[in-house]
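Structure data (mmCIF, N, CA and C atoms) from coords31.cif:
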data_query
loop_
_atom_site.label_atom_id
_atom_site.label_comp_id
_atom_site.auth_asym_id
_atom_site.auth_seq_id
_atom_site.Cartn_x
_atom_site.Cartn_y
_atom_site.Cartn_z
N MET A 26 -0.57 12.23 0.09
CA MET A 26 -0.59 11.09 -0.80
C MET A 26 -2.03 10.60 -0.96
N THR A 27 -2.23 9.78 -1.93
CA THR A 27 -3.58 9.29 -2.20
C THR A 27 -3.81 7.94 -1.54
N ASN A 28 -5.05 7.55 -1.50
CA ASN A 28 -5.39 6.24 -0.95
C ASN A 28 -5.00 5.15 -1.94
N SER A 29 -4.67 3.99 -1.39
CA SER A 29 -4.30 2.85 -2.22
C SER A 29 -5.22 1.68 -1.89
N PRO A 30 -5.69 0.96 -2.91
CA PRO A 30 -6.54 -0.20 -2.64
C PRO A 30 -5.74 -1.43 -2.19
N PHE A 31 -4.41 -1.32 -2.23
CA PHE A 31 -3.56 -2.45 -1.94
C PHE A 31 -3.09 -2.42 -0.49
N PRO A 32 -2.91 -3.56 0.14
CA PRO A 32 -2.96 -4.90 -0.41
C PRO A 32 -4.39 -5.45 -0.46
N LEU A 33 -4.67 -6.30 -1.43
CA LEU A 33 -5.97 -6.95 -1.55
C LEU A 33 -5.99 -8.26 -0.76
N GLU A 34 -4.84 -8.93 -0.69
CA GLU A 34 -4.72 -10.20 0.02
C GLU A 34 -3.85 -10.00 1.26
N PRO A 35 -3.97 -10.90 2.25
CA PRO A 35 -3.23 -10.73 3.49
C PRO A 35 -1.70 -10.80 3.36
N THR A 36 -1.21 -11.57 2.40
CA THR A 36 0.24 -11.68 2.22
C THR A 36 0.59 -11.59 0.73
N ALA A 37 1.86 -11.33 0.47
CA ALA A 37 2.33 -11.30 -0.92
C ALA A 37 2.18 -12.67 -1.56
N ALA A 38 2.42 -13.73 -0.79
CA ALA A 38 2.27 -15.09 -1.33
C ALA A 38 0.81 -15.35 -1.71
N ASP A 39 -0.12 -14.90 -0.89
CA ASP A 39 -1.54 -15.05 -1.21
C ASP A 39 -1.90 -14.28 -2.48
N ALA A 40 -1.31 -13.09 -2.64
CA ALA A 40 -1.57 -12.28 -3.84
C ALA A 40 -1.07 -13.02 -5.08
N GLN A 41 0.12 -13.60 -4.99
CA GLN A 41 0.67 -14.32 -6.15
C GLN A 41 -0.18 -15.54 -6.49
N ALA A 42 -0.67 -16.24 -5.47
CA ALA A 42 -1.53 -17.40 -5.71
C ALA A 42 -2.84 -16.97 -6.36
N ALA A 43 -3.41 -15.87 -5.92
CA ALA A 43 -4.67 -15.38 -6.49
C ALA A 43 -4.47 -14.97 -7.94
N ILE A 44 -3.36 -14.31 -8.24
CA ILE A 44 -3.06 -13.91 -9.62
C ILE A 44 -2.94 -15.14 -10.51
N ALA A 45 -2.20 -16.15 -10.06
CA ALA A 45 -2.02 -17.37 -10.85
C ALA A 45 -3.37 -18.04 -11.09
N GLU A 46 -4.22 -18.07 -10.07
CA GLU A 46 -5.53 -18.70 -10.23
C GLU A 46 -6.39 -17.93 -11.23
N GLU A 47 -6.41 -16.60 -11.12
CA GLU A 47 -7.20 -15.78 -12.05
C GLU A 47 -6.76 -15.99 -13.49
N PHE A 48 -5.46 -15.99 -13.72
CA PHE A 48 -4.96 -16.13 -15.09
C PHE A 48 -5.16 -17.53 -15.64
N SER A 49 -5.32 -18.52 -14.76
CA SER A 49 -5.53 -19.90 -15.23
C SER A 49 -6.89 -20.07 -15.90
N PHE A 50 -7.80 -19.14 -15.68
CA PHE A 50 -9.13 -19.22 -16.29
C PHE A 50 -9.12 -18.88 -17.77
N PHE A 51 -8.05 -18.23 -18.24
CA PHE A 51 -8.01 -17.78 -19.62
C PHE A 51 -7.28 -18.79 -20.49
N GLY A 52 -7.89 -19.10 -21.62
CA GLY A 52 -7.34 -20.12 -22.49
C GLY A 52 -6.19 -19.66 -23.37
N ASP A 53 -6.19 -18.40 -23.78
CA ASP A 53 -5.12 -17.95 -24.67
C ASP A 53 -4.63 -16.57 -24.26
N TRP A 54 -3.55 -16.16 -24.92
CA TRP A 54 -2.92 -14.90 -24.52
C TRP A 54 -3.69 -13.67 -24.95
N SER A 55 -4.52 -13.75 -25.96
CA SER A 55 -5.32 -12.57 -26.30
C SER A 55 -6.28 -12.27 -25.14
N GLU A 56 -6.83 -13.31 -24.50
CA GLU A 56 -7.71 -13.10 -23.34
C GLU A 56 -6.91 -12.58 -22.14
N ARG A 57 -5.71 -13.09 -21.96
CA ARG A 57 -4.87 -12.65 -20.83
C ARG A 57 -4.45 -11.18 -21.01
N TYR A 58 -4.11 -10.81 -22.24
CA TYR A 58 -3.77 -9.40 -22.49
C TYR A 58 -4.97 -8.50 -22.21
N GLN A 59 -6.15 -8.93 -22.61
CA GLN A 59 -7.35 -8.14 -22.35
C GLN A 59 -7.57 -8.00 -20.85
N TYR A 60 -7.34 -9.09 -20.10
CA TYR A 60 -7.49 -9.04 -18.65
C TYR A 60 -6.46 -8.08 -18.05
N LEU A 61 -5.23 -8.10 -18.56
CA LEU A 61 -4.22 -7.14 -18.09
C LEU A 61 -4.68 -5.71 -18.32
N ILE A 62 -5.22 -5.44 -19.49
CA ILE A 62 -5.73 -4.09 -19.79
C ILE A 62 -6.84 -3.72 -18.82
N ASP A 63 -7.75 -4.66 -18.56
CA ASP A 63 -8.84 -4.40 -17.61
C ASP A 63 -8.30 -4.12 -16.21
N LEU A 64 -7.28 -4.86 -15.79
CA LEU A 64 -6.69 -4.62 -14.48
C LEU A 64 -6.05 -3.23 -14.41
N GLY A 65 -5.38 -2.85 -15.48
CA GLY A 65 -4.75 -1.53 -15.52
C GLY A 65 -5.75 -0.40 -15.34
N ARG A 66 -6.97 -0.61 -15.79
CA ARG A 66 -8.02 0.41 -15.63
C ARG A 66 -8.45 0.55 -14.17
N LYS A 67 -8.10 -0.42 -13.33
CA LYS A 67 -8.48 -0.39 -11.92
C LYS A 67 -7.46 0.37 -11.06
N LEU A 68 -6.35 0.77 -11.65
CA LEU A 68 -5.37 1.52 -10.86
C LEU A 68 -6.01 2.80 -10.34
N PRO A 69 -5.69 3.17 -9.09
CA PRO A 69 -6.26 4.42 -8.56
C PRO A 69 -5.74 5.63 -9.34
N THR A 70 -6.44 6.70 -9.22
CA THR A 70 -6.06 7.95 -9.87
C THR A 70 -4.64 8.34 -9.43
N PHE A 71 -3.86 8.74 -10.39
CA PHE A 71 -2.48 9.16 -10.14
C PHE A 71 -2.41 10.66 -10.40
N PRO A 72 -2.08 11.45 -9.37
CA PRO A 72 -2.08 12.91 -9.54
C PRO A 72 -1.14 13.39 -10.65
N GLU A 73 -1.64 14.29 -11.45
CA GLU A 73 -0.83 14.84 -12.56
C GLU A 73 0.48 15.45 -12.05
N GLU A 74 0.46 16.05 -10.87
CA GLU A 74 1.68 16.70 -10.37
C GLU A 74 2.78 15.69 -10.01
N TRP A 75 2.44 14.42 -9.94
CA TRP A 75 3.45 13.38 -9.70
C TRP A 75 4.11 12.93 -10.99
N LYS A 76 3.57 13.31 -12.12
CA LYS A 76 4.13 12.88 -13.41
C LYS A 76 5.31 13.79 -13.77
N THR A 77 6.40 13.59 -13.02
CA THR A 77 7.60 14.38 -13.21
C THR A 77 8.77 13.45 -13.52
N GLU A 78 9.86 14.03 -13.97
CA GLU A 78 11.07 13.24 -14.24
C GLU A 78 11.57 12.56 -12.97
N GLU A 79 11.39 13.22 -11.82
CA GLU A 79 11.82 12.65 -10.55
C GLU A 79 11.15 11.30 -10.28
N HIS A 80 9.90 11.16 -10.69
CA HIS A 80 9.12 9.94 -10.42
C HIS A 80 9.06 9.00 -11.62
N ARG A 81 9.72 9.37 -12.70
CA ARG A 81 9.67 8.53 -13.90
C ARG A 81 10.58 7.33 -13.72
N LEU A 82 10.05 6.16 -14.10
CA LEU A 82 10.82 4.93 -14.01
C LEU A 82 11.62 4.77 -15.29
N LEU A 83 12.93 4.73 -15.15
CA LEU A 83 13.79 4.56 -16.31
C LEU A 83 13.90 3.07 -16.63
N GLY A 84 14.08 2.76 -17.89
CA GLY A 84 14.19 1.37 -18.32
C GLY A 84 12.93 0.87 -18.99
N CYS A 85 11.92 1.74 -19.06
CA CYS A 85 10.66 1.37 -19.71
C CYS A 85 10.54 2.14 -21.02
N GLN A 86 10.06 1.48 -22.05
CA GLN A 86 9.80 2.17 -23.31
C GLN A 86 8.59 3.08 -23.13
N SER A 87 7.58 2.60 -22.42
CA SER A 87 6.39 3.42 -22.12
C SER A 87 6.76 4.41 -21.02
N MET A 88 5.92 5.40 -20.87
CA MET A 88 6.08 6.33 -19.77
C MET A 88 5.49 5.67 -18.53
N VAL A 89 6.29 5.53 -17.48
CA VAL A 89 5.85 4.97 -16.21
C VAL A 89 6.33 5.89 -15.11
N TRP A 90 5.42 6.20 -14.20
CA TRP A 90 5.75 6.99 -13.03
C TRP A 90 5.43 6.15 -11.81
N ILE A 91 6.33 6.19 -10.80
CA ILE A 91 6.11 5.44 -9.57
C ILE A 91 6.55 6.27 -8.38
N VAL A 92 5.70 6.30 -7.36
CA VAL A 92 5.96 7.10 -6.16
C VAL A 92 5.81 6.18 -4.95
N PRO A 93 6.90 5.98 -4.20
CA PRO A 93 6.81 5.19 -2.98
C PRO A 93 6.52 6.08 -1.77
N GLU A 94 5.87 5.50 -0.78
CA GLU A 94 5.70 6.19 0.50
C GLU A 94 5.72 5.15 1.61
N GLY A 95 6.04 5.60 2.79
CA GLY A 95 6.03 4.71 3.94
C GLY A 95 7.42 4.40 4.44
N ASP A 96 7.45 3.38 5.30
CA ASP A 96 8.71 3.00 5.94
C ASP A 96 8.84 1.49 5.94
N ALA A 97 9.76 0.98 6.74
CA ALA A 97 10.04 -0.46 6.75
C ALA A 97 8.81 -1.29 7.14
N ASP A 98 7.93 -0.72 7.95
CA ASP A 98 6.75 -1.46 8.39
C ASP A 98 5.69 -1.58 7.31
N LYS A 99 5.58 -0.55 6.48
CA LYS A 99 4.57 -0.57 5.42
C LYS A 99 4.99 0.38 4.30
N LEU A 100 5.24 -0.21 3.13
CA LEU A 100 5.57 0.57 1.95
C LEU A 100 4.40 0.52 0.98
N VAL A 101 3.99 1.68 0.52
CA VAL A 101 2.91 1.78 -0.46
C VAL A 101 3.50 2.40 -1.72
N PHE A 102 3.15 1.80 -2.86
CA PHE A 102 3.62 2.31 -4.14
C PHE A 102 2.42 2.79 -4.95
N HIS A 103 2.57 3.97 -5.54
CA HIS A 103 1.57 4.53 -6.45
C HIS A 103 2.24 4.57 -7.81
N ALA A 104 1.56 4.09 -8.83
CA ALA A 104 2.19 4.07 -10.16
C ALA A 104 1.13 4.11 -11.25
N ILE A 105 1.59 4.53 -12.44
CA ILE A 105 0.71 4.62 -13.61
C ILE A 105 1.59 4.59 -14.86
N SER A 106 0.99 4.23 -15.98
CA SER A 106 1.69 4.25 -17.27
C SER A 106 0.77 4.83 -18.32
N ASP A 107 1.38 5.27 -19.42
CA ASP A 107 0.58 5.73 -20.56
C ASP A 107 0.19 4.55 -21.45
N SER A 108 0.64 3.34 -21.11
CA SER A 108 0.33 2.14 -21.89
C SER A 108 -0.67 1.28 -21.13
N ALA A 109 -1.69 0.80 -21.82
CA ALA A 109 -2.73 0.01 -21.19
C ALA A 109 -2.19 -1.32 -20.64
N ILE A 110 -1.39 -2.02 -21.42
CA ILE A 110 -0.86 -3.31 -20.95
C ILE A 110 0.13 -3.09 -19.82
N VAL A 111 0.98 -2.08 -19.92
CA VAL A 111 1.93 -1.79 -18.85
C VAL A 111 1.19 -1.41 -17.57
N SER A 112 0.09 -0.68 -17.69
CA SER A 112 -0.71 -0.37 -16.50
C SER A 112 -1.20 -1.65 -15.83
N GLY A 113 -1.55 -2.66 -16.61
CA GLY A 113 -1.93 -3.95 -16.06
C GLY A 113 -0.78 -4.63 -15.34
N LEU A 114 0.42 -4.53 -15.90
CA LEU A 114 1.61 -5.09 -15.25
C LEU A 114 1.88 -4.37 -13.94
N ILE A 115 1.67 -3.06 -13.93
CA ILE A 115 1.82 -2.28 -12.70
C ILE A 115 0.83 -2.77 -11.66
N TYR A 116 -0.43 -2.95 -12.07
CA TYR A 116 -1.46 -3.41 -11.15
C TYR A 116 -1.03 -4.72 -10.48
N LEU A 117 -0.52 -5.66 -11.26
CA LEU A 117 -0.10 -6.94 -10.69
C LEU A 117 1.04 -6.75 -9.69
N ALA A 118 2.03 -5.95 -10.04
CA ALA A 118 3.17 -5.72 -9.14
C ALA A 118 2.71 -5.05 -7.84
N LEU A 119 1.83 -4.07 -7.96
CA LEU A 119 1.34 -3.39 -6.76
C LEU A 119 0.49 -4.34 -5.91
N ARG A 120 -0.26 -5.20 -6.57
CA ARG A 120 -1.08 -6.16 -5.84
C ARG A 120 -0.20 -7.07 -4.98
N VAL A 121 0.95 -7.45 -5.50
CA VAL A 121 1.84 -8.32 -4.75
C VAL A 121 2.62 -7.55 -3.68
N TYR A 122 3.12 -6.35 -4.02
CA TYR A 122 4.09 -5.69 -3.15
C TYR A 122 3.61 -4.46 -2.38
N SER A 123 2.65 -3.73 -2.89
CA SER A 123 2.26 -2.49 -2.22
C SER A 123 1.48 -2.78 -0.94
N GLY A 124 1.77 -2.00 0.10
CA GLY A 124 1.10 -2.18 1.38
C GLY A 124 1.75 -3.23 2.26
N ARG A 125 2.93 -3.68 1.88
CA ARG A 125 3.65 -4.72 2.61
C ARG A 125 4.86 -4.12 3.34
N SER A 126 5.40 -4.90 4.26
CA SER A 126 6.62 -4.46 4.95
C SER A 126 7.81 -4.63 4.01
N ALA A 127 8.87 -3.89 4.31
CA ALA A 127 10.10 -4.02 3.51
C ALA A 127 10.61 -5.46 3.58
N ALA A 128 10.54 -6.07 4.75
CA ALA A 128 11.02 -7.45 4.90
C ALA A 128 10.22 -8.42 4.02
N GLU A 129 8.90 -8.26 3.97
CA GLU A 129 8.09 -9.15 3.15
C GLU A 129 8.38 -8.93 1.66
N ILE A 130 8.55 -7.68 1.27
CA ILE A 130 8.87 -7.38 -0.13
C ILE A 130 10.19 -8.07 -0.51
N LEU A 131 11.20 -7.93 0.33
CA LEU A 131 12.50 -8.51 0.02
C LEU A 131 12.49 -10.03 0.06
N ALA A 132 11.59 -10.60 0.83
CA ALA A 132 11.51 -12.06 0.95
C ALA A 132 10.64 -12.70 -0.14
N THR A 133 10.02 -11.86 -0.99
CA THR A 133 9.07 -12.37 -1.98
C THR A 133 9.61 -12.18 -3.40
N ASP A 134 10.01 -13.28 -4.01
CA ASP A 134 10.39 -13.23 -5.42
C ASP A 134 9.13 -13.13 -6.26
N PRO A 135 9.20 -12.45 -7.41
CA PRO A 135 8.02 -12.29 -8.26
C PRO A 135 7.69 -13.57 -9.04
N ASP A 136 7.32 -14.61 -8.33
CA ASP A 136 7.02 -15.90 -8.95
C ASP A 136 5.82 -15.85 -9.89
N TYR A 137 4.92 -14.89 -9.66
CA TYR A 137 3.72 -14.78 -10.51
C TYR A 137 4.09 -14.53 -11.97
N VAL A 138 5.24 -13.90 -12.21
CA VAL A 138 5.65 -13.57 -13.57
C VAL A 138 5.79 -14.84 -14.42
N SER A 139 6.46 -15.84 -13.87
CA SER A 139 6.59 -17.11 -14.62
C SER A 139 5.34 -17.97 -14.46
N ALA A 140 4.69 -17.91 -13.30
CA ALA A 140 3.51 -18.75 -13.05
C ALA A 140 2.40 -18.50 -14.07
N ILE A 141 2.24 -17.25 -14.50
CA ILE A 141 1.16 -16.94 -15.45
C ILE A 141 1.67 -16.83 -16.88
N GLY A 142 2.97 -17.06 -17.09
CA GLY A 142 3.51 -17.07 -18.43
C GLY A 142 3.94 -15.72 -18.96
N LEU A 143 4.00 -14.72 -18.09
CA LEU A 143 4.41 -13.39 -18.57
C LEU A 143 5.81 -13.41 -19.14
N ALA A 144 6.69 -14.15 -18.50
CA ALA A 144 8.09 -14.17 -18.93
C ALA A 144 8.22 -14.56 -20.40
N LYS A 145 7.34 -15.43 -20.87
CA LYS A 145 7.42 -15.92 -22.25
C LYS A 145 6.61 -15.08 -23.23
N HIS A 146 5.65 -14.31 -22.75
CA HIS A 146 4.72 -13.64 -23.65
C HIS A 146 4.82 -12.12 -23.69
N LEU A 147 5.78 -11.57 -22.98
CA LEU A 147 5.97 -10.12 -23.06
C LEU A 147 7.06 -9.81 -24.08
N SER A 148 6.92 -8.68 -24.75
CA SER A 148 7.96 -8.24 -25.66
C SER A 148 9.21 -7.92 -24.83
N PRO A 149 10.39 -7.93 -25.45
CA PRO A 149 11.61 -7.61 -24.70
C PRO A 149 11.55 -6.25 -24.00
N THR A 150 10.95 -5.25 -24.66
CA THR A 150 10.90 -3.93 -24.02
C THR A 150 9.97 -3.93 -22.81
N ARG A 151 8.84 -4.66 -22.89
CA ARG A 151 7.95 -4.76 -21.72
C ARG A 151 8.60 -5.58 -20.61
N SER A 152 9.31 -6.63 -20.98
CA SER A 152 10.03 -7.43 -19.98
C SER A 152 11.06 -6.57 -19.25
N ASN A 153 11.79 -5.76 -20.00
CA ASN A 153 12.78 -4.86 -19.39
C ASN A 153 12.10 -3.87 -18.46
N GLY A 154 10.98 -3.34 -18.89
CA GLY A 154 10.25 -2.38 -18.05
C GLY A 154 9.73 -3.02 -16.78
N LEU A 155 9.19 -4.24 -16.89
CA LEU A 155 8.71 -4.96 -15.71
C LEU A 155 9.87 -5.22 -14.76
N ALA A 156 11.00 -5.65 -15.30
CA ALA A 156 12.18 -5.89 -14.47
C ALA A 156 12.62 -4.60 -13.77
N ALA A 157 12.58 -3.48 -14.47
CA ALA A 157 12.97 -2.19 -13.88
C ALA A 157 12.02 -1.83 -12.73
N MET A 158 10.72 -2.07 -12.92
CA MET A 158 9.75 -1.75 -11.88
C MET A 158 9.96 -2.64 -10.65
N LEU A 159 10.15 -3.93 -10.87
CA LEU A 159 10.38 -4.85 -9.75
C LEU A 159 11.68 -4.52 -9.02
N THR A 160 12.70 -4.12 -9.76
CA THR A 160 13.97 -3.70 -9.15
C THR A 160 13.77 -2.43 -8.32
N PHE A 161 13.00 -1.49 -8.84
CA PHE A 161 12.73 -0.25 -8.10
C PHE A 161 12.03 -0.57 -6.78
N ILE A 162 11.02 -1.44 -6.82
CA ILE A 162 10.28 -1.81 -5.61
C ILE A 162 11.22 -2.46 -4.61
N ARG A 163 12.03 -3.38 -5.08
CA ARG A 163 12.97 -4.09 -4.21
C ARG A 163 14.02 -3.13 -3.64
N ASP A 164 14.58 -2.26 -4.48
CA ASP A 164 15.59 -1.29 -4.02
C ASP A 164 15.01 -0.34 -2.99
N THR A 165 13.75 0.07 -3.20
CA THR A 165 13.09 0.96 -2.23
C THR A 165 12.94 0.25 -0.89
N ALA A 166 12.51 -1.00 -0.93
CA ALA A 166 12.36 -1.79 0.31
C ALA A 166 13.71 -1.95 1.00
N GLN A 167 14.75 -2.21 0.22
CA GLN A 167 16.09 -2.37 0.80
C GLN A 167 16.56 -1.08 1.47
N ALA A 168 16.31 0.05 0.84
CA ALA A 168 16.74 1.34 1.37
C ALA A 168 15.98 1.73 2.64
N ARG A 169 14.76 1.26 2.79
CA ARG A 169 13.96 1.67 3.94
C ARG A 169 13.92 0.62 5.04
N GLN A 170 14.66 -0.43 4.87
CA GLN A 170 14.65 -1.50 5.86
C GLN A 170 15.36 -1.10 7.12
#
structure tokens encoding of this file:
Amino acid sequence: MTNSPFPLEPTAADAQAAIAEEFSFFGDWSERYQYLIDLGRKLPTFPEEWKTEEHRLLGCQSMVWIVPEGDADKLVFHAISDSAIVSGLIYLALRVYSGRSAAEILATDPDYVSAIGLAKHLSPTRSNGLAAMLTFIRDTAQARQ
């Protein structure tokens, strides 16, 4: 497996607070979308051989691949999308959940989604895709607990 830059913060709650603070600096959604695109560019390299149907996340209009590794003590998620904005959404989810224990993942609701206004400003298809990714992360944590 590849190296992951996550977690960036000591806890999932700290990651959510940092995300909310970063997004509060932007006055409008065009700036926030640009920031999401910039974050998506920071995702680590995703090996081409992982881009298989086995690793494809269903429920997304864009192509999204996600590969979990680890156990109950530490779960790391590797993911990528062919969409720039979706890659930014992946970055945020991995920042909150990747590199955490299964228990911490299950105990952490994705409050950052509403805190930064994503729930209101994503298209229905992107909202469905984000929900599918968060469900996958949670289901993986539940299965490895």
The PyMOL selection byres (((chain A and resi 34-39 and name CA) around 7) and name CA) resolved against shown file, as a PDB file with N, CA and C atoms, in the frame of the given file:
ATOM      1  N   PRO A  32      -2.910  -3.560   0.140  1.00  0.00           N
ATOM      2  CA  PRO A  32      -2.960  -4.900  -0.410  1.00  0.00           C
ATOM      3  C   PRO A  32      -4.390  -5.450  -0.460  1.00  0.00           C
ATOM      4  N   LEU A  33      -4.670  -6.300  -1.430  1.00  0.00           N
ATOM      5  CA  LEU A  33      -5.970  -6.950  -1.550  1.00  0.00           C
ATOM      6  C   LEU A  33      -5.990  -8.260  -0.760  1.00  0.00           C
ATOM      7  N   ALA A  40      -1.310 -13.090  -2.640  1.00  0.00           N
ATOM      8  CA  ALA A  40      -1.570 -12.280  -3.840  1.00  0.00           C
ATOM      9  C   ALA A  40      -1.070 -13.020  -5.080  1.00  0.00           C
ATOM     10  N   GLN A  41       0.120 -13.600  -4.990  1.00  0.00           N
ATOM     11  CA  GLN A  41       0.670 -14.320  -6.150  1.00  0.00           C
ATOM     12  C   GLN A  41      -0.180 -15.540  -6.490  1.00  0.00           C
ATOM     13  N   ALA A  42      -0.670 -16.240  -5.470  1.00  0.00           N
ATOM     14  CA  ALA A  42      -1.530 -17.400  -5.710  1.00  0.00           C
ATOM     15  C   ALA A  42      -2.840 -16.970  -6.360  1.00  0.00           C
ATOM     16  N   ALA A  43      -3.410 -15.870  -5.920  1.00  0.00           N
ATOM     17  CA  ALA A  43      -4.670 -15.380  -6.490  1.00  0.00           C
ATOM     18  C   ALA A  43      -4.470 -14.970  -7.940  1.00  0.00           C
ATOM     19  N   VAL A 121       0.950  -7.450  -5.500  1.00  0.00           N
ATOM     20  CA  VAL A 121       1.840  -8.320  -4.750  1.00  0.00           C
ATOM     21  C   VAL A 121       2.620  -7.550  -3.680  1.00  0.00           C
ATOM     22  N   TYR A 122       3.120  -6.350  -4.020  1.00  0.00           N
ATOM     23  CA  TYR A 122       4.090  -5.690  -3.150  1.00  0.00           C
ATOM     24  C   TYR A 122       3.610  -4.460  -2.380  1.00  0.00           C
ATOM     25  N   THR A 133      10.020 -11.860  -0.990  1.00  0.00           N
ATOM     26  CA  THR A 133       9.070 -12.370  -1.980  1.00  0.00           C
ATOM     27  C   THR A 133       9.610 -12.180  -3.400  1.00  0.00           C
TER      28      THR A 133
END
Ground truth for the PyMOL selection byres ((chain A and resi 62) around 8), written as a PyMOL selection string: chain A and resi 56-61+63-67+108-114
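Of the residues listed (A:Leu83, A:Leu119, A:Ile91, A:Leu131), A:Leu131 shows the shortest atom-to-atom separation from Gln167 (chain A); distances use all atoms listed in the file.
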DSSP helix (DSSP H, G or I) selection over region 35-165 of chain A, as a PyMOL selection string: chain A and resi 37-49+54-65+73-75+78-80+109-122+127-132+137-140+143-146+149-165
Name the residues in contact with region 136-142 of chain A at a cut-off of 7 Å, using all atoms listed in the file, excluding same-chain residues fewer than 5 positions from it; report them as a CSV table (one decimal) with N, CA and C atoms, in the frame of the given file.
chain,number,residue,atom,x,y,z
A,41,GLN,N,0.1,-13.6,-5.0
A,41,GLN,CA,0.7,-14.3,-6.2
A,41,GLN,C,-0.2,-15.5,-6.5
A,42,ALA,N,-0.7,-16.2,-5.5
A,42,ALA,CA,-1.5,-17.4,-5.7
A,42,ALA,C,-2.8,-17.0,-6.4
A,44,ILE,N,-3.4,-14.3,-8.2
A,44,ILE,CA,-3.1,-13.9,-9.6
A,44,ILE,C,-2.9,-15.1,-10.5
A,45,ALA,N,-2.2,-16.2,-10.1
A,45,ALA,CA,-2.0,-17.4,-10.8
A,45,ALA,C,-3.4,-18.0,-11.1
A,48,PHE,N,-5.5,-16.0,-13.7
A,48,PHE,CA,-5.0,-16.1,-15.1
A,48,PHE,C,-5.2,-17.5,-15.6
A,49,SER,N,-5.3,-18.5,-14.8
A,49,SER,CA,-5.5,-19.9,-15.2
A,49,SER,C,-6.9,-20.1,-15.9
A,147,LEU,N,5.8,-11.6,-23.0
A,147,LEU,CA,6.0,-10.1,-23.1
A,147,LEU,C,7.1,-9.8,-24.1
